[in-house]
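Novice: So that we are looking at the same thing, I have put the structure below in structure tokens.
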Amino acid sequence: VCAAAGDAALDQVVDPALLGDAAGADRGYGRAMASGLSAVGVLRALQRKIDQIDVAAASGGDAGAMMRAGVPRFGPPADLFRQQSRLWTGRRLEHARKLAFDAERAVKRSGAPAEAIVGELLIRIARGAQSARR
């Protein structure tokens, strides 16, 4: 139950960011930090979701591809993943991966607060999704 609650809290941060909802991602991030989740945990969840989008796209994007990527294939979570997959393709997805990698490197090397680095990353990802919608 605790793992599922933690995953749900991470989804409330990562999903809005990947859909272009900067305000929703920021609210979710604030709640996640207040509840004791780590910024690095949020960063890892974002990286996992980027990898899942990539695996699903490389496998054809159908229900079987979603299964191989380890994401839900039915219901609202699957619909949400499909929306994210439409926004994050090709170069845009690779750029998101690079931003996440750069944020991870900054967390490890810069000495700056991880919370600030990951918070900025989430806003940059949300802005990228917003531009993909246009």
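Residues in the structure tokens are named by chain (A, B, ... in the order shown) and by number from 1 within that chain; ligands are numbered from 1 in the order shown.
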Please run DSSP on the backbone and report, as a PyMOL selection string, all residues within chain A that come out as helix (DSSP H, G or I).
Specialist: chain A and resi 2-19+22-34+39-58+63-69+75-87+90-109+114-133
Novice: Grab the residues selected above and save them as a short mmCIF file (atom, residue, chain, number, x, y, z; two decimals), in the first residue's frame with C-alpha atoms.
Specialist:
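After the write, out.cif holds the following:
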data_model
loop_
_atom_site.label_atom_id
_atom_site.label_comp_id
_atom_site.auth_asym_id
_atom_site.auth_seq_id
_atom_site.Cartn_x
_atom_site.Cartn_y
_atom_site.Cartn_z
CA CYS A 2 2.84 2.40 0.85
CA ALA A 3 4.56 1.74 -2.48
CA ALA A 4 1.33 2.36 -4.37
CA ALA A 5 0.76 5.60 -2.46
CA GLY A 6 4.31 6.72 -3.26
CA ASP A 7 3.84 5.88 -6.93
CA ALA A 8 0.57 7.82 -6.99
CA ALA A 9 2.27 10.85 -5.45
CA LEU A 10 5.04 10.66 -8.05
CA ASP A 11 2.45 10.36 -10.83
CA GLN A 12 0.81 13.56 -9.55
CA VAL A 13 4.08 15.35 -10.26
CA VAL A 14 5.36 13.66 -13.41
CA ASP A 15 2.11 13.28 -15.34
CA PRO A 16 1.10 16.97 -15.30
CA ALA A 17 4.63 18.00 -16.27
CA LEU A 18 4.66 15.65 -19.26
CA LEU A 19 1.23 16.94 -20.32
CA ALA A 22 3.19 23.50 -15.16
CA ALA A 23 0.89 24.67 -12.37
CA GLY A 24 -0.32 21.12 -11.71
CA ALA A 25 3.22 19.76 -11.72
CA ASP A 26 4.31 22.51 -9.31
CA ARG A 27 1.41 21.79 -6.94
CA GLY A 28 2.12 18.06 -7.07
CA TYR A 29 5.82 18.66 -6.51
CA GLY A 30 5.12 20.85 -3.49
CA ARG A 31 2.86 18.16 -2.02
CA ALA A 32 5.43 15.46 -2.74
CA MET A 33 8.19 17.41 -1.01
CA ALA A 34 5.92 18.21 1.96
CA ALA A 39 13.57 15.30 -5.23
CA VAL A 40 15.83 12.55 -6.56
CA GLY A 41 12.91 10.14 -6.37
CA VAL A 42 10.84 12.52 -8.47
CA LEU A 43 13.71 12.83 -10.95
CA ARG A 44 14.00 9.04 -11.21
CA ALA A 45 10.23 8.74 -11.76
CA LEU A 46 10.45 11.27 -14.59
CA GLN A 47 13.37 9.39 -16.14
CA ARG A 48 11.44 6.10 -15.92
CA LYS A 49 8.41 7.66 -17.63
CA ILE A 50 10.60 9.06 -20.42
CA ASP A 51 12.11 5.59 -20.89
CA GLN A 52 8.64 4.01 -20.95
CA ILE A 53 7.47 6.45 -23.62
CA ASP A 54 10.56 5.63 -25.67
CA VAL A 55 10.13 1.86 -25.32
CA ALA A 56 6.44 2.03 -26.23
CA ALA A 57 7.14 4.20 -29.28
CA ALA A 58 9.99 1.98 -30.45
CA ALA A 63 -1.28 -2.21 -26.44
CA GLY A 64 1.50 -4.80 -26.73
CA ALA A 65 4.10 -2.04 -26.86
CA MET A 66 2.58 -0.46 -23.77
CA MET A 67 2.75 -3.81 -22.00
CA ARG A 68 6.45 -4.14 -22.91
CA ALA A 69 7.02 -0.62 -21.59
CA GLY A 75 -8.49 2.88 -18.53
CA PRO A 76 -7.59 6.45 -17.63
CA PRO A 77 -3.91 5.74 -16.86
CA ALA A 78 -3.48 4.25 -20.34
CA ASP A 79 -5.24 7.23 -21.93
CA LEU A 80 -2.94 9.57 -20.03
CA PHE A 81 0.13 7.66 -21.22
CA ARG A 82 -1.09 7.82 -24.82
CA GLN A 83 -1.52 11.60 -24.54
CA GLN A 84 2.02 11.92 -23.19
CA SER A 85 3.36 9.68 -25.94
CA ARG A 86 1.82 11.89 -28.61
CA LEU A 87 3.54 14.96 -27.15
CA GLY A 90 11.71 11.98 -31.58
CA ARG A 91 13.95 14.93 -30.84
CA ARG A 92 11.62 16.35 -28.24
CA LEU A 93 11.80 13.10 -26.26
CA GLU A 94 15.58 12.99 -26.58
CA HIS A 95 15.79 16.59 -25.40
CA ALA A 96 13.68 15.73 -22.35
CA ARG A 97 15.99 12.81 -21.61
CA LYS A 98 19.02 15.11 -21.88
CA LEU A 99 17.43 17.69 -19.58
CA ALA A 100 16.75 14.97 -17.00
CA PHE A 101 20.31 13.64 -17.31
CA ASP A 102 21.73 17.15 -16.93
CA ALA A 103 19.57 17.72 -13.85
CA GLU A 104 20.80 14.45 -12.36
CA ARG A 105 24.39 15.50 -12.98
CA ALA A 106 23.73 18.91 -11.41
CA VAL A 107 22.19 17.29 -8.33
CA LYS A 108 25.26 15.10 -7.90
CA ARG A 109 27.92 17.71 -8.63
CA ALA A 114 18.16 19.04 -5.39
CA GLU A 115 14.65 20.35 -4.76
CA ALA A 116 15.37 23.52 -6.76
CA ILE A 117 17.08 21.68 -9.63
CA VAL A 118 14.28 19.14 -10.02
CA GLY A 119 11.61 21.81 -9.63
CA GLU A 120 13.16 23.79 -12.47
CA LEU A 121 13.39 20.64 -14.59
CA LEU A 122 9.68 19.95 -14.12
CA ILE A 123 8.80 23.46 -15.28
CA ARG A 124 11.07 23.11 -18.34
CA ILE A 125 9.47 19.76 -19.21
CA ALA A 126 5.98 21.23 -18.82
CA ARG A 127 6.90 24.14 -21.10
CA GLY A 128 8.21 21.68 -23.68
CA ALA A 129 4.90 19.82 -23.62
CA GLN A 130 3.01 23.10 -23.93
CA SER A 131 4.97 23.97 -27.06
CA ALA A 132 4.29 20.50 -28.49
CA ARG A 133 0.56 21.11 -28.14
#
Novice: Enter the distance from CA of Thr89 in chain A to CA of Val71 in chain A, in Å, rounded to one decimal.
Specialist: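 Between CA of Thr89 in chain A and CA of Val71 in chain A the gap is 16.9 Å.
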